[in-house]
Amino acid sequence: MPLSTEQIRNIAIAGHGSTGKTTLLEHILFQGGVISKPETIESGKTVSDYGDDEIARKISVRSSLTHCLWKDKKINFVDAPGSSDFVGEVVIALRACESVLVLIDAKSGVQIETIKLWRNLDARQKPRMVFVTRMDEDRASFDAALKDIKDKFKVSAVPITIPMGEGLEFGGVIDVINSKAYVRPASHDQKEVASEIPAEYKDAVETARIQLCEAAAEGDDALMEKYLDQGELSPEDMLTGLRGALAQAKIVPAFAGSGLCNSGVTAFLDFAASIAPSPLSLLPEEVTDAEGKQATISVDSKLPASAIVIKTQIDQFSGRLSFVKVITGELVPELDIINVRDGRRERLSKLYTLQGKKLEEVPSLPAGDIGIIAKSASLKTNDTVSTYDRPFAFASLKLPTPVHLLAISASNKKEEDKLNEMLLKAAEEDLTFQINYNVETKETVIAGMGDLQINMILDKIKNMTKIVAETRVPRVAYRETITKKATAEYTHKKQSGGHGQYGRVVFDLEPLERGKGYEFENKVFGGAVSKGFMPGIEKGIHQAMEAGILAGYPVVDTKTSIIDGKEHPVDSSEMAFKLAARGAFREAMRQASPVLLEPIMNLTVYVEEKNLGDVMSDLSSRRGRISGQNPIGGGIIVVNAQVPQAELLRYAIDLRSMTSGTGSFEVEFSHYAPIAGKIADDVIKAAQAFKTAETEEE
Ligand SMILES: Nc1nc2c(ncn2[C@@H]2O[C@H](COP(=O)(O)OP(=O)(O)OP(=O)(O)O)[C@@H](O)[C@H]2O)c(=O)[nH]1
Ligand SMILES: [Mg+2]
């Protein structure tokens, strides 16, 4: 029987780096009967971390899709990486899943990436559960972890399981709802089996049960009445209450366990299969139709088919894989769909699901499911595929803007094109990685979330193609402008023998407001220069503005008025006036007190309270102007500042080392501002040095 939407559960596994997400998932897949032997990160053979780069570095780099069947449900698990460099992959996992299992290390408690994740989940009103893992390790404490959650997030997580012993004494967990104990298996490759609750834990279970009943009744008036009347709730009532409260993200169920010991996995799966939100409980999706009108649409299997491409992976063996989340109807092989982005029609071929890297063909993908369309060259991440007569597009992934910029070139100049091609491919797979050519600085600039992500991309390219890339701090796109009005004249004259050249112009040059760019006015009276030469004159001004007289940066925000000039009946031409205009502009600029302008950025820094002082004094040493600092919960302060771009070129790395990896930031262009003194002199010197180097190379 094909799967129905009601049978599907999608759960993202996320949390701070190295908490044990991939290890827990491996044991979920083992307990769920997908694999017969669970592997470890150290063996490099886990289902989820299968990429060469993941195996080599022993970390997750990409979100991977797996699933298991449990109690007639198909539970899709999307295992997200924990490092902040791969936050784009976390966004993909959250887009695909109705609920999130947040992993917390029982020794370390809530860590910074988890705080950031939680904020993200709050913004999306995403239901979440927490799994306090690594209970087997020394100093592990379930209660301390729950207290940390309460302190940092101001919510009480309600235990669904409680541990039997902790740390080196950790002996397994008790499922409070179903009143079963699961003794920690003797080794991680043995299955968990249920047993009676040991007498010594009866009281603790009773306390946890009361807490659960209260949590279940809390959001449901009828249940609350029943609970107050009868003093307890049946397991069925408890499940109903918890299901409703979790779907609305009103409670946070908590589990204890250890991925590596295969402990606490069964109770979690039982809970997930019966209580985790189904796709039908998803908040309605926002859509935009062809006329730009906004609407919403909910997951519904009876409507025509529509799905969003949430991820593109170009796999060495399987080719191009488009991960889709089906929202309405059903995708089936041979279905004719429209790609809403360009209106192109396409016939689907086979459909798949994934277990890590292993493709498994499926007869259909129902509404709510996550699956794979393979080898479709035209599909891109964020595309909507649809069989609607009047198709609409789903909202795109909300990805952070890459903040770490590097100029890049191939060590071997002949490989430049191939390198660019590979970088473009990488950018297609990872939307938090971008590549652009900066015409002002004449550099190819790549942008990502951090060094780790960029190095992994470059390593992969090197492994596949042998191309070695060189990266360096990118040049800043300075500009030049003037600060006062000036008048200048220039005559271009070449009249020695044959057809000569003659043009003379007199210019007024004046500053314009910042951001106005360029204006030109013809103020010539009495036809001293004919109208026909004006286009040539404007071309000359443009040419002069491309490279200013201070350091060769583009000139902006000036108005040039031609007030007089002279032409020759035979020797004047468009070319002659172009050269005259260029000369006059440069001369006028020289007299108009030219200055350099530098880009100023709006910077938003997220930092833990304890690092605030360091971050603030560092910002002032970067010529930053701080405009605000506000606590946003979880001990995190947001600092807003305006800082010159030149001071932020290595900020992704510096902030990390200043805050032991806990700080993060966002940055966007604000405006151009003048610079003077030593700072300007240094820019001019650097530009001259660059020009000399360039000339020598030629
Ligand atoms: N003792 C113990 N070690 C664990 C447990 N879970 C994971 N580990 C170890 O912790 C390390 C990190 O585990 P991963 O499963 O890769 O953690 P992760 O959260 O998936 O890491 P990223 O995806 O890279 O963020 C590995 O060395 C695991 O063997 C656990 O329950 N107990
Ligand atoms: Mg992992």
# chains A, B, ... in the order shown; residues from 1 in each chain; ligands from 1
>>> residues_around(residues="Val326 in chain A", least_positions_apart="2", cutoff="7 Å", atoms="only C-alpha atoms", output="JSON, numbers by chain")
{"A": [306, 307, 308, 324, 328, 366, 367, 368, 369, 370]}
>>> write_last_selection(atoms="N, CA, C and O atoms", output="tab-separated table (two decimals), in the first residue's frame")
chain	number	residue	atom	x	y	z
A	306	SER	N	2.15	19.86	-6.03
A	306	SER	CA	3.12	20.96	-5.99
A	306	SER	C	4.20	20.61	-4.99
A	306	SER	O	3.92	19.96	-3.98
A	307	ALA	N	5.42	21.03	-5.28
A	307	ALA	CA	6.55	20.71	-4.40
A	307	ALA	C	7.60	21.79	-4.54
A	307	ALA	O	7.65	22.48	-5.56
A	308	ILE	N	8.41	21.94	-3.50
A	308	ILE	CA	9.51	22.91	-3.57
A	308	ILE	C	10.84	22.18	-3.53
A	308	ILE	O	11.00	21.22	-2.77
A	324	VAL	N	13.18	17.33	-2.91
A	324	VAL	CA	11.92	18.08	-2.91
A	324	VAL	C	11.11	17.78	-1.66
A	324	VAL	O	11.17	16.69	-1.10
A	328	THR	N	1.49	19.68	-1.85
A	328	THR	CA	0.13	19.24	-2.17
A	328	THR	C	0.19	18.09	-3.17
A	328	THR	O	1.18	17.92	-3.90
A	366	PRO	N	4.01	11.29	-1.63
A	366	PRO	CA	2.76	11.97	-1.27
A	366	PRO	C	3.01	13.33	-0.62
A	366	PRO	O	4.14	13.62	-0.21
A	367	ALA	N	1.96	14.13	-0.54
A	367	ALA	CA	2.03	15.43	0.13
A	367	ALA	C	2.66	15.24	1.49
A	367	ALA	O	2.32	14.32	2.23
A	368	GLY	N	3.61	16.09	1.84
A	368	GLY	CA	4.26	16.02	3.15
A	368	GLY	C	5.56	15.27	3.13
A	368	GLY	O	6.38	15.42	4.03
A	369	ASP	N	5.79	14.46	2.10
A	369	ASP	CA	6.99	13.63	2.08
A	369	ASP	C	8.19	14.43	1.53
A	369	ASP	O	8.02	15.45	0.87
A	370	ILE	N	9.37	13.91	1.83
A	370	ILE	CA	10.61	14.47	1.29
A	370	ILE	C	11.21	13.40	0.38
A	370	ILE	O	11.26	12.23	0.77
>>> residues_near_ligand(ligand="ligand 2", cutoff="8 Å", atoms="only C-alpha atoms and all ligand atoms", output="list of chain:residue names")
A:Gly17, A:Ser18, A:Gly20, A:Lys21, A:Thr22, A:Thr23, A:Ser48, A:Asp49, A:Ile59, A:Ser60, A:Val61, A:Asp79, A:Ala80, A:Pro81, A:Gly82
>>> write_last_selection(atoms="N, CA, C and O atoms", output="mmCIF file, in the first residue's frame")
data_model
loop_
_atom_site.group_PDB
_atom_site.id
_atom_site.type_symbol
_atom_site.label_atom_id
_atom_site.label_comp_id
_atom_site.auth_asym_id
_atom_site.auth_seq_id
_atom_site.Cartn_x
_atom_site.Cartn_y
_atom_site.Cartn_z
ATOM 1 N N GLY A 17 27.718 21.782 17.307
ATOM 2 C CA GLY A 17 28.631 20.835 16.668
ATOM 3 C C GLY A 17 29.074 19.715 17.601
ATOM 4 O O GLY A 17 29.289 19.930 18.794
ATOM 5 N N SER A 18 29.173 18.508 17.038
ATOM 6 C CA SER A 18 29.702 17.349 17.767
ATOM 7 C C SER A 18 28.930 16.962 19.013
ATOM 8 O O SER A 18 29.485 16.356 19.923
ATOM 9 N N GLY A 20 26.556 14.848 18.921
ATOM 10 C CA GLY A 20 26.256 13.427 18.753
ATOM 11 C C GLY A 20 25.034 13.164 17.889
ATOM 12 O O GLY A 20 24.400 12.105 18.000
ATOM 13 N N LYS A 21 24.724 14.088 16.982
ATOM 14 C CA LYS A 21 23.530 13.970 16.143
ATOM 15 C C LYS A 21 23.623 12.777 15.197
ATOM 16 O O LYS A 21 22.724 11.941 15.121
ATOM 17 N N THR A 22 24.745 12.727 14.485
ATOM 18 C CA THR A 22 24.901 11.671 13.486
ATOM 19 C C THR A 22 24.984 10.300 14.171
ATOM 20 O O THR A 22 24.437 9.312 13.664
ATOM 21 N N THR A 23 25.635 10.270 15.321
ATOM 22 C CA THR A 23 25.758 9.009 16.062
ATOM 23 C C THR A 23 24.382 8.542 16.551
ATOM 24 O O THR A 23 24.043 7.359 16.441
ATOM 25 N N SER A 48 24.799 8.583 7.583
ATOM 26 C CA SER A 48 24.543 9.991 7.326
ATOM 27 C C SER A 48 25.786 10.788 6.917
ATOM 28 O O SER A 48 25.709 11.655 6.044
ATOM 29 N N ASP A 49 26.936 10.503 7.533
ATOM 30 C CA ASP A 49 28.170 11.229 7.150
ATOM 31 C C ASP A 49 28.923 10.406 6.109
ATOM 32 O O ASP A 49 29.931 9.778 6.407
ATOM 33 N N ILE A 59 33.212 15.247 10.682
ATOM 34 C CA ILE A 59 32.115 16.153 11.015
ATOM 35 C C ILE A 59 31.075 16.081 9.895
ATOM 36 O O ILE A 59 31.390 15.689 8.770
ATOM 37 N N SER A 60 29.853 16.475 10.217
ATOM 38 C CA SER A 60 28.849 16.560 9.161
ATOM 39 C C SER A 60 29.030 17.885 8.439
ATOM 40 O O SER A 60 29.303 18.913 9.056
ATOM 41 N N VAL A 61 28.869 17.839 7.116
ATOM 42 C CA VAL A 61 29.030 19.031 6.294
ATOM 43 C C VAL A 61 27.717 19.374 5.591
ATOM 44 O O VAL A 61 27.385 20.527 5.377
ATOM 45 N N ASP A 79 19.508 14.940 9.021
ATOM 46 C CA ASP A 79 20.612 15.163 9.965
ATOM 47 C C ASP A 79 21.410 16.388 9.532
ATOM 48 O O ASP A 79 22.091 16.365 8.513
ATOM 49 N N ALA A 80 21.308 17.456 10.308
ATOM 50 C CA ALA A 80 21.968 18.714 9.933
ATOM 51 C C ALA A 80 23.347 18.807 10.582
ATOM 52 O O ALA A 80 23.554 18.272 11.665
ATOM 53 N N PRO A 81 24.283 19.495 9.925
ATOM 54 C CA PRO A 81 25.596 19.707 10.556
ATOM 55 C C PRO A 81 25.481 20.721 11.693
ATOM 56 O O PRO A 81 24.540 21.519 11.719
ATOM 57 N N GLY A 82 26.450 20.710 12.616
ATOM 58 C CA GLY A 82 26.379 21.608 13.759
ATOM 59 C C GLY A 82 27.232 22.859 13.632
ATOM 60 O O GLY A 82 26.935 23.879 14.237
#
>>> atom_distance(atom1="CA of Leu103 in chain A", atom2="CA of Thr662 in chain A")
17.3 Å
>>> residues_around(residues="Asp614 in chain A", least_positions_apart="2", cutoff="12 Å", atoms="only C-alpha atoms", output="VMD selection string")
chain A and resid 607 to 612 616 to 621 654 to 660 663
>>> write_last_selection(atoms="N, CA, C and O atoms", output="CSV table (one decimal), in the first residue's frame")
chain,number,residue,atom,x,y,z
A,607,VAL,N,26.7,38.3,20.3
A,607,VAL,CA,27.9,37.9,21.2
A,607,VAL,C,27.4,37.5,22.6
A,607,VAL,O,26.4,38.1,23.1
A,608,GLU,N,28.0,36.6,23.2
A,608,GLU,CA,27.7,36.2,24.6
A,608,GLU,C,28.2,37.4,25.5
A,608,GLU,O,29.2,38.0,25.2
A,609,GLU,N,27.4,37.6,26.6
A,609,GLU,CA,27.7,38.7,27.5
A,609,GLU,C,29.1,38.8,27.9
A,609,GLU,O,29.7,39.8,28.0
A,610,LYS,N,29.7,37.6,28.2
A,610,LYS,CA,31.1,37.6,28.7
A,610,LYS,C,32.1,38.1,27.7
A,610,LYS,O,33.2,38.5,28.1
A,611,ASN,N,31.8,38.1,26.4
A,611,ASN,CA,32.7,38.6,25.4
A,611,ASN,C,32.4,40.0,25.0
A,611,ASN,O,33.1,40.6,24.1
A,612,LEU,N,31.3,40.6,25.5
A,612,LEU,CA,30.9,41.9,25.0
A,612,LEU,C,32.0,43.0,25.1
A,612,LEU,O,32.2,43.7,24.1
A,616,MET,N,33.4,45.0,21.9
A,616,MET,CA,33.2,46.5,21.7
A,616,MET,C,34.5,47.2,21.6
A,616,MET,O,34.6,48.1,20.7
A,617,SER,N,35.5,46.8,22.3
A,617,SER,CA,36.8,47.6,22.2
A,617,SER,C,37.4,47.2,20.9
A,617,SER,O,38.0,48.1,20.2
A,618,ASP,N,37.3,46.0,20.4
A,618,ASP,CA,37.8,45.6,19.1
A,618,ASP,C,37.1,46.5,18.0
A,618,ASP,O,37.8,46.9,17.1
A,619,LEU,N,35.8,46.7,18.2
A,619,LEU,CA,35.1,47.4,17.1
A,619,LEU,C,35.6,48.9,17.1
A,619,LEU,O,35.7,49.5,16.0
A,620,SER,N,35.9,49.5,18.3
A,620,SER,CA,36.4,50.9,18.2
A,620,SER,C,37.7,50.9,17.5
A,620,SER,O,38.1,51.8,16.8
A,621,SER,N,38.5,49.8,17.8
A,621,SER,CA,39.9,49.9,17.1
A,621,SER,C,39.7,49.6,15.6
A,621,SER,O,40.7,49.9,14.9
A,654,ASP,N,38.4,36.7,12.9
A,654,ASP,CA,38.8,37.4,14.2
A,654,ASP,C,37.7,37.3,15.2
A,654,ASP,O,38.0,37.1,16.4
A,655,LEU,N,36.4,37.5,14.8
A,655,LEU,CA,35.4,37.4,15.8
A,655,LEU,C,35.3,36.0,16.4
A,655,LEU,O,35.1,35.8,17.6
A,656,ARG,N,35.5,35.0,15.6
A,656,ARG,CA,35.5,33.7,16.1
A,656,ARG,C,36.6,33.5,17.1
A,656,ARG,O,36.3,32.9,18.2
A,657,SER,N,37.8,33.9,16.9
A,657,SER,CA,38.9,33.7,17.8
A,657,SER,C,38.7,34.5,19.1
A,657,SER,O,39.0,34.1,20.2
A,658,MET,N,38.1,35.7,18.9
A,658,MET,CA,37.8,36.5,20.1
A,658,MET,C,36.8,35.9,21.0
A,658,MET,O,36.7,36.2,22.2
A,659,THR,N,35.9,35.1,20.5
A,659,THR,CA,34.7,34.6,21.2
A,659,THR,C,34.7,33.1,21.3
A,659,THR,O,33.7,32.5,21.7
A,660,SER,N,35.8,32.5,21.1
A,660,SER,CA,35.9,31.0,21.1
A,660,SER,C,34.8,30.4,20.2
A,660,SER,O,34.2,29.4,20.6
A,663,GLY,N,30.6,33.8,18.8
A,663,GLY,CA,30.1,35.0,18.2
A,663,GLY,C,29.7,34.8,16.7
A,663,GLY,O,30.3,34.0,16.0
>>> closest_residue(among="A:Val476, A:Val332, A:Leu168, A:Val100", to="ligand 1", atoms="only C-alpha atoms and all ligand atoms")
A:Leu168
>>> select_by_dssp(residues="range 476-656 of chain A", states="helix (DSSP H, G or I)", output="number ranges by chain")
A: 531-546, 574-591, 609-621, 645-647, 651-656
>>> residues_around(residues="range 401-411 of chain A", least_positions_apart="5", cutoff="10 Å", atoms="only C-alpha atoms", output="PyMOL selection string")
chain A and resi 85+88+416-420+431-438+441-451+453-454+467-475+648-653+664-668
>>> closest_residue(among="A:Ser263, A:Ser187, A:Gln591, A:Asn382", to="ligand 1", atoms="only C-alpha atoms and all ligand atoms")
A:Ser263
>>> closest_residue(among="A:Tyr388, A:Ala551, A:Val362, A:Thr207", to="Arg345 in chain A", atoms="only C-alpha atoms")
A:Tyr388
>>> closest_residue(among="A:Ile314, A:Leu359, A:Leu283, A:Leu365", to="Ala377 in chain A", atoms="only C-alpha atoms")
A:Ile314
>>> atom_distance(atom1="CA of Asp151 in chain A", atom2="CA of Leu212 in chain A")
19.9 Å
